[in-house]
Amino acid sequence: MHARQRLVFASHNPHKIQEISDILGPQLAVTGLTELGCFEEIPEPYDTLEENAMAKARYIYDTYQVDCFADDTGLEVDALGGQPGVRSARYAGAEKNSQANVSKLLTELSGISYRRARFRTVIALVMQGRVYLFEGIVKGVISHVPTGEKGFGYDPVFIPDGYDKSFAEMDAELKNKISHRKMAISKLVDFLKIFSSAPGEGLFDENRE
């Protein structure tokens, strides 16, 4: 029996790595950049989630010669013209402070009753030199005050459609069933299963002799 296939996820964020590992379950082992030994800051200079995700994945593939995937996620708020969008992690400054980002967002929405928003995740997979893109979207509203201690980023102020609590109030199992990242990862997994069915691949074949 072969060990689980490992695939590098171009991130140092332990919350994101754990979330994706939980979504993938036993099918695929995820290795982050820390385990890979990559500690440099990978530039994300582009104006779209797609371009930034591709840039990160391509950098790791070219530098370390390993198949990998990278994601970029943005919170897009209708009343702010789609902002913070691609700047979500650095909305309040380059230090990527989640509490500061949330505070700035709530300040920008002060007095605004229309608070529709969506989380959008784009995953770029670089495998054998080729790039594949996968997208996941979840719609909801921005609350007036943060609630919940779970999750990360904007989770305390995002209430997904069909629910009366924020992502940060949900346990990981529920969030991982409905999140934007879950949708994008599911598409990635479906692709990898198809890819693995080709002769000699076997990404998910745990029973090969």
# chains A, B, ... in the order shown; residues from 1 in each chain; ligands from 1

call {"tool": "residues_around", "arguments": {"residues": "A:Arg115", "least_positions_apart": "2", "cutoff": "9 Å", "atoms": "only C-alpha atoms", "output": "ChimeraX atom specification"}}
result
/A:77-79,109,112-113,117,140-143

call {"tool": "write_last_selection", "arguments": {"atoms": "N, CA and C atoms", "output": "PDB file, in the first residue's frame"}}
result
ATOM      1  N   VAL A  77     -17.591  43.326  -1.049  1.00  0.00           N
ATOM      2  CA  VAL A  77     -18.764  43.956  -0.456  1.00  0.00           C
ATOM      3  C   VAL A  77     -19.427  44.864  -1.489  1.00  0.00           C
ATOM      4  N   ASP A  78     -20.686  44.612  -1.768  1.00  0.00           N
ATOM      5  CA  ASP A  78     -21.387  45.340  -2.824  1.00  0.00           C
ATOM      6  C   ASP A  78     -21.357  46.852  -2.612  1.00  0.00           C
ATOM      7  N   ALA A  79     -21.668  47.287  -1.387  1.00  0.00           N
ATOM      8  CA  ALA A  79     -21.764  48.717  -1.113  1.00  0.00           C
ATOM      9  C   ALA A  79     -20.417  49.431  -1.218  1.00  0.00           C
ATOM     10  N   LEU A 109     -18.584  50.768   6.458  1.00  0.00           N
ATOM     11  CA  LEU A 109     -19.997  50.445   6.280  1.00  0.00           C
ATOM     12  C   LEU A 109     -20.894  51.141   7.296  1.00  0.00           C
ATOM     13  N   ILE A 112     -24.574  52.361   6.631  1.00  0.00           N
ATOM     14  CA  ILE A 112     -25.052  51.734   5.400  1.00  0.00           C
ATOM     15  C   ILE A 112     -25.871  50.492   5.762  1.00  0.00           C
ATOM     16  N   SER A 113     -27.113  50.441   5.306  1.00  0.00           N
ATOM     17  CA  SER A 113     -27.985  49.314   5.638  1.00  0.00           C
ATOM     18  C   SER A 113     -27.846  48.166   4.641  1.00  0.00           C
ATOM     19  N   ALA A 117     -22.636  40.877   0.572  1.00  0.00           N
ATOM     20  CA  ALA A 117     -21.217  40.610   0.300  1.00  0.00           C
ATOM     21  C   ALA A 117     -21.058  39.163  -0.135  1.00  0.00           C
ATOM     22  N   GLY A 140     -23.538  36.309   1.327  1.00  0.00           N
ATOM     23  CA  GLY A 140     -24.065  36.584   2.642  1.00  0.00           C
ATOM     24  C   GLY A 140     -24.157  38.071   2.902  1.00  0.00           C
ATOM     25  N   VAL A 141     -24.120  38.431   4.189  1.00  0.00           N
ATOM     26  CA  VAL A 141     -24.177  39.836   4.591  1.00  0.00           C
ATOM     27  C   VAL A 141     -23.112  40.112   5.648  1.00  0.00           C
ATOM     28  N   ILE A 142     -22.758  41.389   5.762  1.00  0.00           N
ATOM     29  CA  ILE A 142     -21.818  41.828   6.799  1.00  0.00           C
ATOM     30  C   ILE A 142     -22.607  42.286   8.014  1.00  0.00           C
ATOM     31  N   SER A 143     -22.305  41.713   9.160  1.00  0.00           N
ATOM     32  CA  SER A 143     -23.003  42.096  10.392  1.00  0.00           C
ATOM     33  C   SER A 143     -22.512  43.452  10.886  1.00  0.00           C
TER      34      SER A 143
END

call {"tool": "residues_around", "arguments": {"residues": "stretch 27-43 of chain A", "least_positions_apart": "4", "cutoff": "10 Å", "atoms": "only C-alpha atoms", "output": "ChimeraX atom specification"}}
result
/A:3-14,16-18,20-23,52,55-57,59-60,63-64,66,68-69,189,192-193,203-206

call {"tool": "closest_residue", "arguments": {"among": "A:Glu19, A:Thr73, A:Ile178, A:Tyr154", "to": "A:Lys104", "atoms": "only C-alpha atoms"}}
result
A:Tyr154

call {"tool": "select_by_dssp", "arguments": {"residues": "stretch 2-202 of chain A", "states": "helix (DSSP H, G or I)", "output": "ChimeraX atom specification"}}
result
/A:14-27,33-36,49-64,78-80,88-90,98-108,155-157,167-169,172-178,180-196

call {"tool": "select_by_dssp", "arguments": {"residues": "stretch 119-171 of chain A", "states": "strand (DSSP E)", "output": "list in words"}}
result
Phe119, Arg120, Thr121, Val122, Ile123, Ala124, Leu125, Val126, Met127, Arg130, Val131, Tyr132, Leu133, Phe134, Glu135, Gly136, Ile137, Val138, Lys139, Gly140, Val141, Ile142, Phe158, Ile159 and Pro160 of chain A

call {"tool": "write_last_selection", "arguments": {"atoms": "N, CA and C atoms", "output": "mmCIF file, in the first residue's frame"}}
result
data_model
loop_
_atom_site.group_PDB
_atom_site.id
_atom_site.type_symbol
_atom_site.label_atom_id
_atom_site.label_comp_id
_atom_site.auth_asym_id
_atom_site.auth_seq_id
_atom_site.Cartn_x
_atom_site.Cartn_y
_atom_site.Cartn_z
ATOM 1 N N PHE A 119 -17.797 36.008 -0.207
ATOM 2 C CA PHE A 119 -16.428 35.512 -0.128
ATOM 3 C C PHE A 119 -16.148 34.762 -1.421
ATOM 4 N N ARG A 120 -15.009 35.031 -2.018
ATOM 5 C CA ARG A 120 -14.634 34.315 -3.238
ATOM 6 C C ARG A 120 -13.215 33.786 -3.097
ATOM 7 N N THR A 121 -13.038 32.501 -3.324
ATOM 8 C CA THR A 121 -11.727 31.854 -3.299
ATOM 9 C C THR A 121 -11.386 31.352 -4.692
ATOM 10 N N VAL A 122 -10.164 31.630 -5.123
ATOM 11 C CA VAL A 122 -9.637 31.077 -6.362
ATOM 12 C C VAL A 122 -8.421 30.233 -6.018
ATOM 13 N N ILE A 123 -8.404 28.998 -6.488
ATOM 14 C CA ILE A 123 -7.270 28.097 -6.293
ATOM 15 C C ILE A 123 -6.581 27.893 -7.624
ATOM 16 N N ALA A 124 -5.269 28.040 -7.612
ATOM 17 C CA ALA A 124 -4.456 27.741 -8.793
ATOM 18 C C ALA A 124 -3.617 26.507 -8.478
ATOM 19 N N LEU A 125 -3.758 25.500 -9.284
ATOM 20 C CA LEU A 125 -2.968 24.274 -9.161
ATOM 21 C C LEU A 125 -1.961 24.234 -10.297
ATOM 22 N N VAL A 126 -0.691 24.033 -9.942
ATOM 23 C CA VAL A 126 0.336 23.811 -10.958
ATOM 24 C C VAL A 126 0.776 22.361 -10.831
ATOM 25 N N MET A 127 0.480 21.591 -11.853
ATOM 26 C CA MET A 127 0.803 20.173 -11.852
ATOM 27 C C MET A 127 1.455 19.811 -13.177
ATOM 28 N N ARG A 130 1.530 22.561 -15.805
ATOM 29 C CA ARG A 130 0.308 23.171 -16.301
ATOM 30 C C ARG A 130 -0.481 23.798 -15.157
ATOM 31 N N VAL A 131 -1.211 24.878 -15.471
ATOM 32 C CA VAL A 131 -1.968 25.616 -14.466
ATOM 33 C C VAL A 131 -3.466 25.342 -14.639
ATOM 34 N N TYR A 132 -4.129 25.066 -13.506
ATOM 35 C CA TYR A 132 -5.572 24.838 -13.497
ATOM 36 C C TYR A 132 -6.191 25.733 -12.427
ATOM 37 N N LEU A 133 -7.351 26.312 -12.719
ATOM 38 C CA LEU A 133 -8.012 27.231 -11.799
ATOM 39 C C LEU A 133 -9.352 26.683 -11.335
ATOM 40 N N PHE A 134 -9.670 26.934 -10.053
ATOM 41 C CA PHE A 134 -10.922 26.487 -9.453
ATOM 42 C C PHE A 134 -11.464 27.629 -8.577
ATOM 43 N N GLU A 135 -12.770 27.848 -8.620
ATOM 44 C CA GLU A 135 -13.365 28.975 -7.903
ATOM 45 C C GLU A 135 -14.493 28.512 -6.997
ATOM 46 N N GLY A 136 -14.597 29.154 -5.834
ATOM 47 C CA GLY A 136 -15.707 28.916 -4.920
ATOM 48 C C GLY A 136 -16.242 30.232 -4.400
ATOM 49 N N ILE A 137 -17.565 30.355 -4.316
ATOM 50 C CA ILE A 137 -18.208 31.594 -3.874
ATOM 51 C C ILE A 137 -19.295 31.268 -2.857
ATOM 52 N N VAL A 138 -19.348 32.041 -1.773
ATOM 53 C CA VAL A 138 -20.462 31.965 -0.834
ATOM 54 C C VAL A 138 -20.947 33.391 -0.587
ATOM 55 N N LYS A 139 -22.281 33.567 -0.655
ATOM 56 C CA LYS A 139 -22.878 34.890 -0.502
ATOM 57 C C LYS A 139 -23.454 35.052 0.894
ATOM 58 N N GLY A 140 -23.538 36.309 1.327
ATOM 59 C CA GLY A 140 -24.065 36.584 2.642
ATOM 60 C C GLY A 140 -24.157 38.071 2.902
ATOM 61 N N VAL A 141 -24.120 38.431 4.189
ATOM 62 C CA VAL A 141 -24.177 39.836 4.591
ATOM 63 C C VAL A 141 -23.112 40.112 5.648
ATOM 64 N N ILE A 142 -22.758 41.389 5.762
ATOM 65 C CA ILE A 142 -21.818 41.828 6.799
ATOM 66 C C ILE A 142 -22.607 42.286 8.014
ATOM 67 N N PHE A 158 -19.076 37.981 8.880
ATOM 68 C CA PHE A 158 -19.729 37.460 7.679
ATOM 69 C C PHE A 158 -20.768 36.420 8.051
ATOM 70 N N ILE A 159 -22.026 36.698 7.701
ATOM 71 C CA ILE A 159 -23.129 35.775 7.957
ATOM 72 C C ILE A 159 -23.588 35.213 6.615
ATOM 73 N N PRO A 160 -23.346 33.937 6.352
ATOM 74 C CA PRO A 160 -23.712 33.364 5.056
ATOM 75 C C PRO A 160 -25.219 33.246 4.899
#

call {"tool": "closest_residue", "arguments": {"among": "A:Asp62, A:Pro156, A:Val102, A:Gly151", "to": "A:Asn176", "atoms": "only C-alpha atoms"}}
result
A:Gly151

call {"tool": "atom_distance", "arguments": {"atom1": "atom CA of A:Phe191", "atom2": "atom CA of A:Gly85"}}
result
26.3 Å

call {"tool": "atom_distance", "arguments": {"atom1": "atom CA of A:Gln99", "atom2": "atom CA of A:Leu80"}}
result
18.8 Å

call {"tool": "closest_residue", "arguments": {"among": "A:Arg181, A:Phe195, A:Asn101, A:Asp171", "to": "A:Ala70", "atoms": "only C-alpha atoms"}}
result
A:Arg181

call {"tool": "atom_distance", "arguments": {"atom1": "atom CA of A:Glu76", "atom2": "atom CA of A:Gly93"}}
result
17.5 Å

call {"tool": "closest_residue", "arguments": {"among": "A:Met54, A:Ala172, A:Val145, A:Leu105", "to": "A:Arg87", "atoms": "only C-alpha atoms"}}
result
A:Leu105
